[in-house]
>>> print(open('entry_1.txt').read())   # compact mmCIF, C-alpha atoms
# COMPACT_ATOMS: atom_id res chain seq x y z
CA MET A 1169 0.00 0.00 0.00
CA ILE A 1170 1.44 3.34 -1.07
CA THR A 1171 0.59 6.21 1.27
CA ILE A 1172 0.91 9.78 0.00
CA ALA A 1173 0.52 12.86 2.21
CA ILE A 1174 -0.70 15.98 0.41
CA ALA A 1175 0.61 18.83 2.51
CA ASN A 1176 1.50 22.49 2.59
CA GLN A 1177 1.33 24.56 5.76
CA LYS A 1178 0.08 27.53 3.73
CA GLY A 1179 -3.68 27.62 3.23
CA GLY A 1180 -5.44 28.34 -0.04
CA VAL A 1181 -2.94 26.60 -2.31
CA GLY A 1182 -5.35 24.07 -3.82
CA LYS A 1183 -4.34 21.25 -1.48
CA THR A 1184 -7.80 19.78 -0.92
CA THR A 1185 -8.83 20.31 -4.55
CA SER A 1186 -5.70 18.41 -5.57
CA ALA A 1187 -6.38 15.60 -3.09
CA ILE A 1188 -9.95 15.13 -4.32
CA ASN A 1189 -9.19 15.19 -8.02
CA ILE A 1190 -5.96 13.19 -7.99
CA ALA A 1191 -7.63 10.51 -5.85
CA THR A 1192 -10.56 10.44 -8.29
CA ALA A 1193 -8.24 10.09 -11.28
CA MET A 1194 -6.34 7.26 -9.59
CA ALA A 1195 -9.57 5.43 -8.77
CA ALA A 1196 -10.75 5.88 -12.37
CA SER A 1197 -7.45 4.31 -13.49
CA GLY A 1198 -8.23 1.14 -11.57
CA TRP A 1199 -6.44 1.79 -8.28
CA ARG A 1200 -8.27 0.87 -5.07
CA THR A 1201 -8.01 4.31 -3.51
CA LEU A 1202 -8.58 5.77 -0.05
CA LEU A 1203 -8.66 9.47 0.81
CA ILE A 1204 -8.19 10.30 4.49
CA ASP A 1205 -9.49 13.76 5.40
CA LEU A 1206 -7.16 14.93 8.17
CA ASP A 1207 -8.28 18.57 8.10
CA PRO A 1208 -10.81 19.60 10.81
CA GLN A 1209 -12.57 21.76 8.21
CA GLY A 1210 -13.65 18.54 6.48
CA ASN A 1211 -13.54 20.10 3.01
CA ALA A 1212 -12.33 16.95 1.27
CA SER A 1213 -15.28 15.05 2.75
CA THR A 1214 -17.74 17.70 1.61
CA GLY A 1215 -16.12 17.88 -1.83
CA LEU A 1216 -16.77 14.15 -2.29
CA GLY A 1217 -20.41 14.45 -1.25
CA ILE A 1218 -20.11 13.00 2.28
CA GLU A 1219 -22.79 14.75 4.33
CA ASN A 1220 -22.09 15.63 7.97
CA SER A 1221 -24.90 13.32 9.09
CA ALA A 1222 -23.20 10.40 7.30
CA ARG A 1223 -19.86 10.81 9.11
CA GLU A 1224 -20.43 8.20 11.81
CA TYR A 1225 -16.75 7.30 12.17
CA THR A 1226 -14.10 9.85 11.25
CA SER A 1227 -10.36 10.39 11.11
CA TYR A 1228 -10.59 11.58 14.73
CA ASP A 1229 -11.87 8.14 15.76
CA LEU A 1230 -9.10 6.53 13.72
CA LEU A 1231 -6.39 8.59 15.44
CA MET A 1232 -7.78 8.06 18.92
CA GLY A 1233 -8.18 4.31 18.45
CA ASP A 1234 -11.98 4.39 18.66
CA ALA A 1235 -12.47 2.95 15.16
CA THR A 1236 -10.58 0.67 12.80
CA LEU A 1237 -9.74 1.62 9.23
CA SER A 1238 -12.48 -0.62 7.84
CA GLN A 1239 -15.02 1.03 10.16
CA ALA A 1240 -13.95 4.61 9.39
CA ALA A 1241 -13.63 4.23 5.60
CA GLN A 1242 -16.84 4.65 3.67
CA PRO A 1243 -17.54 4.48 -0.06
CA SER A 1244 -17.91 7.67 -2.06
CA GLU A 1245 -19.98 8.12 -5.19
CA ILE A 1246 -16.80 7.39 -7.17
CA PRO A 1247 -16.20 3.67 -7.82
CA SER A 1248 -13.03 2.36 -6.13
CA LEU A 1249 -12.67 5.53 -4.02
CA ASP A 1250 -13.34 5.37 -0.27
CA VAL A 1251 -13.15 8.23 2.20
CA VAL A 1252 -12.31 8.55 5.88
CA PRO A 1253 -14.23 11.78 6.59
CA ALA A 1254 -13.41 14.52 9.09
CA THR A 1255 -15.47 16.71 11.40
CA GLN A 1256 -14.70 19.57 13.77
CA ASP A 1257 -13.92 16.96 16.46
CA LEU A 1258 -10.54 16.61 14.80
CA SER A 1259 -9.57 20.12 15.91
CA GLY A 1260 -9.32 18.80 19.49
CA ALA A 1261 -7.01 15.97 18.51
CA GLU A 1262 -3.93 18.22 18.51
CA VAL A 1263 -4.44 18.84 22.25
CA GLU A 1264 -5.57 15.34 23.17
CA LEU A 1265 -2.68 13.65 21.38
CA VAL A 1266 -0.09 15.53 23.45
CA ALA A 1267 -0.75 13.22 26.40
CA VAL A 1268 -0.99 10.04 24.29
CA GLU A 1269 1.88 7.58 24.06
CA ASP A 1270 3.59 7.44 20.66
CA ARG A 1271 1.47 10.40 19.56
CA THR A 1272 3.33 10.93 16.27
CA HIS A 1273 2.61 7.42 14.94
CA ARG A 1274 -1.08 6.98 15.72
CA LEU A 1275 -2.16 7.15 12.08
CA GLN A 1276 0.65 4.86 10.96
CA LYS A 1277 -0.47 2.19 13.42
CA ALA A 1278 -4.10 2.56 12.34
CA LEU A 1279 -3.16 2.03 8.70
CA ALA A 1280 -0.86 -0.91 9.51
CA SER A 1281 -3.40 -2.88 11.55
CA GLN A 1282 -5.07 -5.00 8.90
CA GLU A 1283 -8.16 -6.91 9.99
CA PRO A 1284 -8.96 -10.40 8.71
CA GLY A 1285 -10.89 -10.20 5.44
CA PHE A 1286 -10.05 -6.51 4.89
CA ALA A 1287 -8.89 -6.15 1.27
CA GLY A 1288 -7.00 -2.90 1.80
CA TYR A 1289 -6.04 -0.32 -0.82
CA ASP A 1290 -3.46 0.20 -3.53
CA VAL A 1291 -2.93 3.85 -2.63
CA VAL A 1292 -3.90 6.09 0.29
CA PHE A 1293 -3.96 9.89 0.08
CA ILE A 1294 -3.93 11.99 3.24
CA ASP A 1295 -5.31 15.53 2.96
CA CYS A 1296 -3.43 17.45 5.66
CA PRO A 1297 -4.48 20.65 7.46
CA PRO A 1298 -2.74 23.94 6.59
CA SER A 1299 -0.29 23.73 9.49
CA LEU A 1300 2.75 21.76 10.64
CA GLY A 1301 1.21 20.48 13.89
CA LEU A 1302 0.62 16.98 15.22
CA LEU A 1303 -1.98 16.09 12.60
CA THR A 1304 0.39 16.81 9.72
CA LEU A 1305 3.23 15.11 11.61
CA ASN A 1306 1.08 11.98 11.94
CA ALA A 1307 0.45 12.08 8.20
CA LEU A 1308 4.16 12.43 7.40
CA CYS A 1309 5.07 9.58 9.75
CA ALA A 1310 2.45 7.34 8.15
CA SER A 1311 3.40 8.13 4.54
CA ASN A 1312 5.88 6.73 2.05
CA THR A 1313 6.05 10.02 0.22
CA LEU A 1314 4.81 13.59 0.06
CA LEU A 1315 3.06 15.56 -2.70
CA VAL A 1316 3.24 19.33 -2.28
CA PRO A 1317 0.74 21.63 -4.03
CA LEU A 1318 2.41 25.02 -4.52
CA GLN A 1319 0.53 28.17 -5.47
CA CYS A 1320 2.36 30.26 -8.05
CA GLU A 1321 2.97 33.36 -5.95
CA PHE A 1322 5.95 34.81 -4.09
CA PHE A 1323 4.99 33.98 -0.49
CA ALA A 1324 4.45 30.35 -1.44
CA LEU A 1325 8.20 29.99 -2.00
CA GLU A 1326 8.96 30.95 1.60
CA GLY A 1327 6.43 28.41 2.84
CA LEU A 1328 7.96 25.71 0.66
CA SER A 1329 11.37 26.26 2.25
CA GLN A 1330 9.86 25.81 5.71
CA LEU A 1331 8.02 22.65 4.65
CA LEU A 1332 11.18 21.11 3.17
CA GLN A 1333 13.00 21.76 6.46
CA THR A 1334 10.19 20.01 8.34
CA VAL A 1335 10.39 17.02 5.99
CA GLU A 1336 14.12 16.77 6.65
CA ARG A 1337 13.54 16.76 10.42
CA VAL A 1338 10.84 14.09 10.07
CA GLN A 1339 13.25 11.97 8.02
CA GLN A 1340 15.91 12.30 10.70
CA ARG A 1341 13.73 11.64 13.75
CA PHE A 1342 10.60 9.70 12.78
CA ASN A 1343 10.39 8.37 9.22
CA PRO A 1344 13.69 7.89 7.34
CA ASP A 1345 11.82 6.42 4.36
CA LEU A 1346 9.76 9.57 3.72
CA GLY A 1347 10.40 11.04 0.29
CA ILE A 1348 8.90 13.76 -1.90
CA VAL A 1349 7.18 12.43 -5.01
CA GLY A 1350 6.73 15.88 -6.50
CA ILE A 1351 5.76 19.54 -6.37
CA ALA A 1352 2.50 20.42 -8.15
CA LEU A 1353 2.18 24.02 -9.34
CA THR A 1354 -1.40 25.23 -8.77
CA MET A 1355 -3.49 28.31 -9.58
CA PHE A 1356 -1.31 28.94 -12.61
CA ASP A 1357 -2.29 32.06 -14.57
CA ARG A 1358 -0.32 32.63 -17.77
CA ARG A 1359 -1.61 36.21 -17.98
CA ASN A 1360 0.33 37.05 -14.83
CA ARG A 1361 4.08 37.50 -15.36
CA LEU A 1362 4.78 36.75 -11.69
CA THR A 1363 3.24 33.30 -12.15
CA ASP A 1364 5.82 32.42 -14.80
CA GLN A 1365 8.63 33.84 -12.67
CA VAL A 1366 7.64 31.78 -9.62
CA ALA A 1367 7.28 28.63 -11.75
CA ASP A 1368 10.70 29.20 -13.31
CA ASP A 1369 12.30 29.79 -9.90
CA VAL A 1370 10.79 26.59 -8.48
CA ARG A 1371 11.94 24.55 -11.49
CA ASP A 1372 15.43 26.06 -11.32
CA CYS A 1373 15.66 25.14 -7.64
CA LEU A 1374 13.99 21.72 -7.60
CA GLY A 1375 14.35 20.54 -11.18
CA LYS A 1376 12.58 17.32 -12.11
CA LEU A 1377 10.89 17.17 -8.71
CA VAL A 1378 8.35 19.64 -10.12
CA PHE A 1379 5.56 18.02 -12.14
CA GLU A 1380 5.33 19.06 -15.80
CA ASN A 1381 1.54 19.41 -15.64
CA VAL A 1382 0.44 22.64 -13.96
CA ILE A 1383 -3.03 23.29 -12.55
CA PRO A 1384 -4.57 26.48 -13.99
CA ARG A 1385 -6.90 28.91 -12.31
CA ASN A 1386 -10.25 27.52 -13.37
CA VAL A 1387 -13.80 28.45 -12.36
CA ARG A 1388 -15.06 24.88 -12.71
CA LEU A 1389 -12.52 23.68 -10.14
CA SER A 1390 -13.98 26.21 -7.69
CA GLU A 1391 -17.59 25.33 -8.49
CA ALA A 1392 -17.32 21.55 -8.21
CA PRO A 1393 -17.06 21.24 -4.37
CA SER A 1394 -20.33 23.13 -3.89
CA HIS A 1395 -22.00 20.31 -5.83
CA GLY A 1396 -20.31 17.63 -3.70
CA MET A 1397 -18.29 16.17 -6.53
CA PRO A 1398 -14.77 16.30 -7.96
CA ALA A 1399 -14.16 18.55 -10.95
CA LEU A 1400 -13.35 15.42 -12.96
CA ILE A 1401 -16.99 14.39 -12.57
CA TYR A 1402 -18.53 17.87 -12.54
CA ASP A 1403 -16.89 18.90 -15.83
CA HIS A 1404 -14.56 16.30 -17.29
CA ASN A 1405 -13.56 18.53 -20.20
CA CYS A 1406 -12.61 21.72 -18.36
CA SER A 1407 -8.97 22.78 -18.34
CA GLY A 1408 -8.63 22.04 -14.61
CA SER A 1409 -9.87 18.46 -14.99
CA LYS A 1410 -7.56 17.79 -17.92
CA ALA A 1411 -4.63 19.14 -15.93
CA TYR A 1412 -5.38 16.86 -12.96
CA ILE A 1413 -5.70 13.84 -15.25
CA GLY A 1414 -2.26 14.64 -16.66
CA LEU A 1415 -0.87 15.17 -13.17
CA ALA A 1416 -2.24 11.81 -12.00
CA ARG A 1417 -0.57 10.08 -14.95
CA GLU A 1418 2.73 11.70 -14.02
CA LEU A 1419 2.27 10.62 -10.42
CA ILE A 1420 1.65 7.00 -11.43
CA GLU A 1421 4.86 7.03 -13.45
CA ARG A 1422 6.78 8.22 -10.39
CA LEU A 1423 5.43 5.63 -7.98
CA PRO A 1424 7.97 2.86 -7.38
CA GLU A 1425 5.60 -0.11 -7.41
CA LYS A 1426 2.12 -1.37 -8.19
CA ARG A 1427 1.92 0.63 -11.41
CA LYS A 1428 -1.25 0.08 -13.38
CA ALA A 1429 -2.32 1.09 -16.85
CA ALA A 1430 -3.69 4.62 -16.61
>>> encode(input="entry_1.txt", output="structure tokens")
Amino acid sequence: MITIAIANQKGGVGKTTSAINIATAMAASGWRTLLIDLDPQGNASTGLGIENSAREYTSYDLLMGDATLSQAAQPSEIPSLDVVPATQDLSGAEVELVAVEDRTHRLQKALASQEPGFAGYDVVFIDCPPSLGLLTLNALCASNTLLVPLQCEFFALEGLSQLLQTVERVQQRFNPDLGIVGIALTMFDRRNRLTDQVADDVRDCLGKLVFENVIPRNVRLSEAPSHGMPALIYDHNCSGSKAYIGLARELIERLPEKRKAA
């Protein structure tokens, strides 16, 4: 099982939109896919049509040991895509986990404990909150690799530097196997010269780590969550959907094992 954290401590960079649409594309390509919503705002859950009333078990229960993975995961409207939803209860987990033994590896243990008869998943995506607290640390400790959505603006570069330092510390102290599968440039606007400058700077600095496919600013990407569906379902032919399909294909090519025909 490949586990991919989607993280950036800066908010508003298209992190949840990326998580929803990449997970959808992977499921459509035949991968048994799970998306864990680890953000107390629960936007990934809402964006996949999981109503609050349907969130009986959540990622909070998974972290606190009150539910198993098979109990917390529920099917979405997308075939082969399950979701572990989140509610506001998760906002209290940061405080509660401080007093819990092995607090940085709670999610890792929950994912590793396979129950008899539980088929499991080919790939797990974790949508992290916009912070570098205990929730994100749990995600990084539980993951094989990290995907970083990066908004094409100046301040995003400063945030990326901080995130890379955090990844290095996690590698040294908690998860030596953690890697970075790629940087995804989001909210790309070719009419804005700064966008091109930021993209060029990131590529000069990180080279092939940056995905070739960039995610444009696109109204349909913004509209889709209000209808409780990924943009790939809401409007398959919009520029944003096509970009995410291309990004998912790139991601599959970078994964070290269990490749499937996309």
>>> residues_around(input="entry_1.txt", residues="Gln1256 (chain A)", least_positions_apart="4", cutoff="9 Å", atoms="only C-alpha atoms", output="number ranges by chain")
A: 1207-1210, 1260
>>> closest_residue(input="entry_1.txt", among="A:Ala1280, A:Ala1352, A:Leu1328, A:Cys1320", to="Arg1385 (chain A)", atoms="only C-alpha atoms")
A:Cys1320
>>> residues_around(input="entry_1.txt", residues="Met1169 (chain A)", least_positions_apart="3", cutoff="8 Å", atoms="all atoms listed in the file", output="PDB file with C-alpha atoms, keeping the file's coordinate frame")
ATOM      1  CA  GLY A1288      -7.000  -2.900   1.800  1.00  0.00           C
ATOM      2  CA  TYR A1289      -6.040  -0.320  -0.820  1.00  0.00           C
ATOM      3  CA  ASP A1290      -3.460   0.200  -3.530  1.00  0.00           C
ATOM      4  CA  VAL A1291      -2.930   3.850  -2.630  1.00  0.00           C
ATOM      5  CA  VAL A1292      -3.900   6.090   0.290  1.00  0.00           C
TER       6      VAL A1292
END
>>> residues_around(input="entry_1.txt", residues="Ala1187 (chain A)", least_positions_apart="3", cutoff="8 Å", atoms="only C-alpha atoms", output="list in words")
Ile1174, Lys1183, Thr1184, Ile1190, Ala1191, Leu1203, Ala1212, Phe1293, Ile1294 and Asp1295 of chain A
>>> atom_distance(input="entry_1.txt", atom1="CA of Ser1311 (chain A)", atom2="CA of Asn1381 (chain A)")
23.2 Å
>>> closest_residue(input="entry_1.txt", among="A:Ile1413, A:Leu1325, A:Leu1237, A:Leu1308", to="Val1370 (chain A)", atoms="all atoms listed in the file")
A:Leu1325
>>> closest_residue(input="entry_1.txt", among="A:Leu1302, A:Leu1374, A:Ala1367, A:Ala1310", to="Ala1173 (chain A)", atoms="only C-alpha atoms")
A:Ala1310
>>> closest_residue(input="entry_1.txt", among="A:Glu1219, A:Glu1269, A:Asp1368, A:Glu1262", to="Ser1244 (chain A)", atoms="all atoms listed in the file")
A:Glu1219
>>> closest_residue(input="entry_1.txt", among="A:Ala1261, A:Val1382, A:Met1232, A:Val1316", to="Ala1278 (chain A)", atoms="all atoms listed in the file")
A:Met1232
>>> atom_distance(input="entry_1.txt", atom1="CA of Gln1319 (chain A)", atom2="CA of Thr1363 (chain A)")
8.8 Å
>>> atom_distance(input="entry_1.txt", atom1="CA of Leu1362 (chain A)", atom2="CA of Asn1386 (chain A)")
17.7 Å
>>> closest_residue(input="entry_1.txt", among="A:Ile1218, A:Leu1202, A:Ala1195, A:Ala1399", to="Ile1170 (chain A)", atoms="all atoms listed in the file")
A:Leu1202
>>> residues_around(input="entry_1.txt", residues="Ile1351 (chain A)", least_positions_apart="4", cutoff="8 Å", atoms="all atoms listed in the file", output="number ranges by chain")
A: 1315-1318, 1377-1379
